[in-house]
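Quick look at protein00.csv (CSV, C-alpha atoms):
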chain,number,residue,atom,x,y,z
G,35,GLN,CA,-18.1,0.4,-9.4
G,36,VAL,CA,-15.1,-0.1,-11.7
G,37,GLN,CA,-12.2,-2.2,-10.4
G,38,LEU,CA,-8.9,-3.0,-12.1
G,39,VAL,CA,-6.8,-5.5,-10.2
G,40,GLU,CA,-3.3,-6.2,-11.3
G,41,SER,CA,-1.3,-9.3,-10.5
G,42,GLY,CA,2.0,-10.9,-11.6
G,43,GLY,CA,4.6,-8.5,-10.5
G,44,GLY,CA,7.8,-9.7,-8.7
G,45,LEU,CA,11.6,-9.8,-8.6
G,46,VAL,CA,13.5,-11.2,-11.6
G,47,GLN,CA,17.0,-11.1,-13.0
G,48,PRO,CA,17.9,-9.3,-16.2
G,49,GLY,CA,16.9,-11.3,-19.2
G,50,GLU,CA,14.1,-13.1,-17.5
G,51,SER,CA,10.3,-12.8,-18.1
G,52,LEU,CA,7.2,-11.8,-16.3
G,53,ARG,CA,3.5,-11.8,-17.2
G,54,LEU,CA,1.3,-9.2,-15.7
G,55,SER,CA,-2.5,-9.6,-15.6
G,56,CYS,CA,-5.3,-7.1,-15.0
G,57,ALA,CA,-8.8,-8.2,-14.2
G,58,ALA,CA,-11.5,-5.7,-14.8
G,59,SER,CA,-15.0,-5.5,-13.4
G,60,GLY,CA,-17.8,-3.0,-13.4
G,61,LEU,CA,-17.4,-1.7,-17.0
G,62,ILE,CA,-18.3,-2.6,-20.5
G,63,PHE,CA,-14.9,-4.0,-21.1
G,64,ASN,CA,-14.8,-4.4,-24.9
G,65,ILE,CA,-15.4,-0.6,-25.5
G,66,TYR,CA,-12.5,0.5,-23.4
G,67,ASN,CA,-8.9,1.0,-24.5
G,68,MET,CA,-6.8,-0.9,-22.0
G,69,GLY,CA,-3.2,0.1,-21.2
G,70,TRP,CA,-0.3,-0.7,-19.1
G,71,TYR,CA,1.7,2.2,-17.6
G,72,ARG,CA,4.7,2.3,-15.4
G,73,GLN,CA,6.2,4.7,-12.9
G,74,ALA,CA,9.8,4.3,-11.8
G,75,ALA,CA,11.0,5.9,-8.6
G,76,GLY,CA,11.5,9.7,-9.1
G,77,LYS,CA,10.0,9.6,-12.6
G,78,GLU,CA,6.7,10.4,-14.2
G,79,ARG,CA,4.2,7.7,-15.1
G,80,GLU,CA,4.7,6.6,-18.7
G,81,LEU,CA,2.8,4.5,-21.2
G,82,VAL,CA,4.2,1.0,-21.8
G,83,ALA,CA,1.6,-0.4,-24.2
G,84,ASP,CA,-2.1,-0.1,-24.9
G,85,ILE,CA,-4.7,-2.0,-26.9
G,86,THR,CA,-8.0,-1.0,-28.3
G,87,GLY,CA,-11.2,-3.0,-27.9
G,88,ARG,CA,-10.6,-4.4,-31.4
G,89,GLY,CA,-7.0,-5.4,-30.6
G,90,MET,CA,-4.9,-2.7,-32.2
G,91,THR,CA,-1.8,-2.3,-30.2
G,92,ASN,CA,0.7,0.5,-29.5
G,93,TYR,CA,4.0,0.2,-27.6
G,94,ALA,CA,6.6,2.5,-26.2
G,95,ASP,CA,9.8,2.4,-28.2
G,96,SER,CA,11.7,1.2,-25.1
G,97,VAL,CA,9.7,-2.1,-25.0
G,98,LYS,CA,9.0,-2.8,-28.6
G,99,GLY,CA,10.0,-6.4,-29.5
G,100,ARG,CA,10.2,-7.4,-25.8
G,101,PHE,CA,6.7,-6.8,-24.4
G,102,THR,CA,3.4,-8.0,-25.8
G,103,ILE,CA,0.0,-6.7,-24.7
G,104,SER,CA,-3.1,-8.8,-25.2
G,105,ARG,CA,-6.7,-8.8,-24.0
G,106,ASP,CA,-9.5,-11.3,-23.6
G,107,ASN,CA,-12.8,-9.4,-23.8
G,108,ALA,CA,-14.8,-12.4,-22.7
G,109,GLN,CA,-12.8,-12.8,-19.5
G,110,LYS,CA,-12.3,-9.0,-19.1
G,111,THR,CA,-8.6,-9.3,-18.7
G,112,VAL,CA,-5.6,-7.6,-20.2
G,113,ASN,CA,-2.1,-9.1,-20.0
G,114,LEU,CA,1.4,-7.8,-20.5
G,115,GLN,CA,4.0,-10.4,-21.4
G,116,MET,CA,7.4,-9.0,-20.6
G,117,ASN,CA,10.4,-10.8,-22.0
G,118,SER,CA,14.1,-9.9,-21.9
G,119,LEU,CA,13.6,-7.7,-18.9
G,120,LYS,CA,16.2,-5.0,-18.2
G,121,LEU,CA,17.2,-3.2,-15.1
G,122,GLU,CA,15.5,-0.1,-16.4
G,123,ASP,CA,12.1,-1.9,-16.6
G,124,THR,CA,12.0,-1.7,-12.8
G,125,ALA,CA,8.8,0.2,-11.9
G,126,VAL,CA,5.3,0.0,-10.5
G,127,TYR,CA,3.1,-1.1,-13.3
G,128,PHE,CA,-0.5,0.2,-13.5
G,129,CYS,CA,-3.4,-1.1,-15.5
G,130,ASN,CA,-5.6,1.6,-17.1
G,131,ALA,CA,-9.0,1.6,-18.7
G,132,HIS,CA,-9.9,4.6,-20.9
G,133,HIS,CA,-13.0,5.4,-22.9
G,134,TRP,CA,-13.9,9.1,-23.8
G,135,VAL,CA,-13.9,10.9,-20.4
G,136,ASN,CA,-13.8,7.8,-18.3
G,137,ASP,CA,-10.4,6.9,-17.0
G,138,TYR,CA,-9.7,4.2,-14.4
G,139,TRP,CA,-6.6,2.9,-12.7
G,140,GLY,CA,-5.5,-0.2,-10.8
G,141,GLN,CA,-3.5,0.0,-7.6
G,142,GLY,CA,-0.3,-1.1,-9.3
G,143,THR,CA,2.1,-4.0,-9.1
G,144,GLN,CA,5.8,-3.8,-8.5
G,145,VAL,CA,8.2,-5.2,-11.0
G,146,THR,CA,11.9,-5.3,-9.9
G,147,VAL,CA,14.6,-6.3,-12.3
G,148,SER,CA,17.9,-6.8,-10.4
G,149,SER,CA,21.0,-8.9,-10.6
Rewrite the structure of this file - the entire thing - as structure tokens.
Amino acid sequence: QVQLVESGGGLVQPGESLRLSCAASGLIFNIYNMGWYRQAAGKERELVADITGRGMTNYADSVKGRFTISRDNAQKTVNLQMNSLKLEDTAVYFCNAHHWVNDYWGQGTQVTVSS
């Protein structure tokens, strides 16, 4: 059974940083593309960043230069370092694992940026 467990969300002020982590189990981790998505209240879920098994990364324009995605294939974890957080980064952040027709999601972790 595949499980993705996120951690690291919380309440921060604008300009501060947070680091999200996602621990995966039950899958051959290194063949999966791993991603972070977010969903703000009343909005659709959107891609924040993703990373291939070989480490190629892709970022949404809104987070380029502020967020960094990384993965540790040995530990089966994927992280999202979020710096210079803005009010508009407030959302529930979800971890995603994708390979061909297989698509798995974590339960989400809340990130709130508020002054």
*In Å, rounded to a single decimal, give me how far CA of Asn107 in chain G is from CA of Ile85 in chain G.*
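That distance, rounded to one decimal, is 11.4 Å.
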*Name the closest residue to Val46 in chain G among the candidates G:Ala74, G:Ala83, G:Met116, G:Cys129; distances are taken between atoms, counting only C-alpha atoms.*
G:Met116
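With CA of Leu81 in chain G on one side and CA of Tyr93 in chain G on the other, the separation reads 7.8 Å.
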_Gly99 in chain G environment, 12 Å, all atoms listed in the file, sequence neighbours closer than 3 positions dropped, as a list in words_ =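 Returned residues: Ala83, Asn92, Tyr93, Ala94, Asp95, Ser96, Thr102, Ile103, Gln115, Met116, Asn117, Ser118 and Leu119 of chain G.
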Counting only C-alpha atoms, what is within 6 Å of range 108-111 of chain G, bar same-chain residues fewer than 3 positions away, as an mmCIF file with C-alpha atoms, in the coordinates of the input?
data_model
loop_
_atom_site.group_PDB
_atom_site.id
_atom_site.type_symbol
_atom_site.label_atom_id
_atom_site.label_comp_id
_atom_site.auth_asym_id
_atom_site.auth_seq_id
_atom_site.Cartn_x
_atom_site.Cartn_y
_atom_site.Cartn_z
ATOM 1 C CA CYS G 56 -5.300 -7.100 -15.000
ATOM 2 C CA ALA G 57 -8.800 -8.200 -14.200
ATOM 3 C CA ALA G 58 -11.500 -5.700 -14.800
ATOM 4 C CA PHE G 63 -14.900 -4.000 -21.100
ATOM 5 C CA ARG G 105 -6.700 -8.800 -24.000
#
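Residues in contact range of Phe128 in chain G, defined as at most 6 Å between all atoms listed in the file, with sequence neighbours fewer than 6 positions away removed, read Trp70, Tyr71, Arg72, Gly140 and Gly142 of chain G.
Among the candidates G:Thr91, G:Asn113, G:Asn67, G:Glu122, the residue lying nearest to Val135 in chain G is G:Asn67 (atoms considered: all atoms listed in the file).
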*asked:* For Ala131 in chain G, find every residue with an atom within 6 Å (counting all atoms listed in the file), except residues of its own chain fewer than 4 positions away, and show them as an MDAnalysis selection string.
replied: chainID G and resid 66:68 137:138
*Using only C-alpha atoms, which residues sit within 9 Å of Asp123 in chain G once same-chain residues fewer than 2 positions away are excluded, as an NGL selection string?*
:G and (72 or 74 or 97 or 119-121 or 125 or 145-147)
*If you measure from CA of Gly49 in chain G to CA of Asp84 in chain G, what distance in Å do you get, rounded to one decimal?*
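Between CA of Gly49 in chain G and CA of Asp84 in chain G the gap works out to 22.8 Å.
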As JSON: centre and edge lengths in Å, one decimal, of the axis-aligned box holding range 36-49 of chain G with 3 Å per side:
{"center_x": 1.4, "center_y": -5.7, "center_z": -13.9, "size_x": 39.0, "size_y": 17.2, "size_z": 16.6}
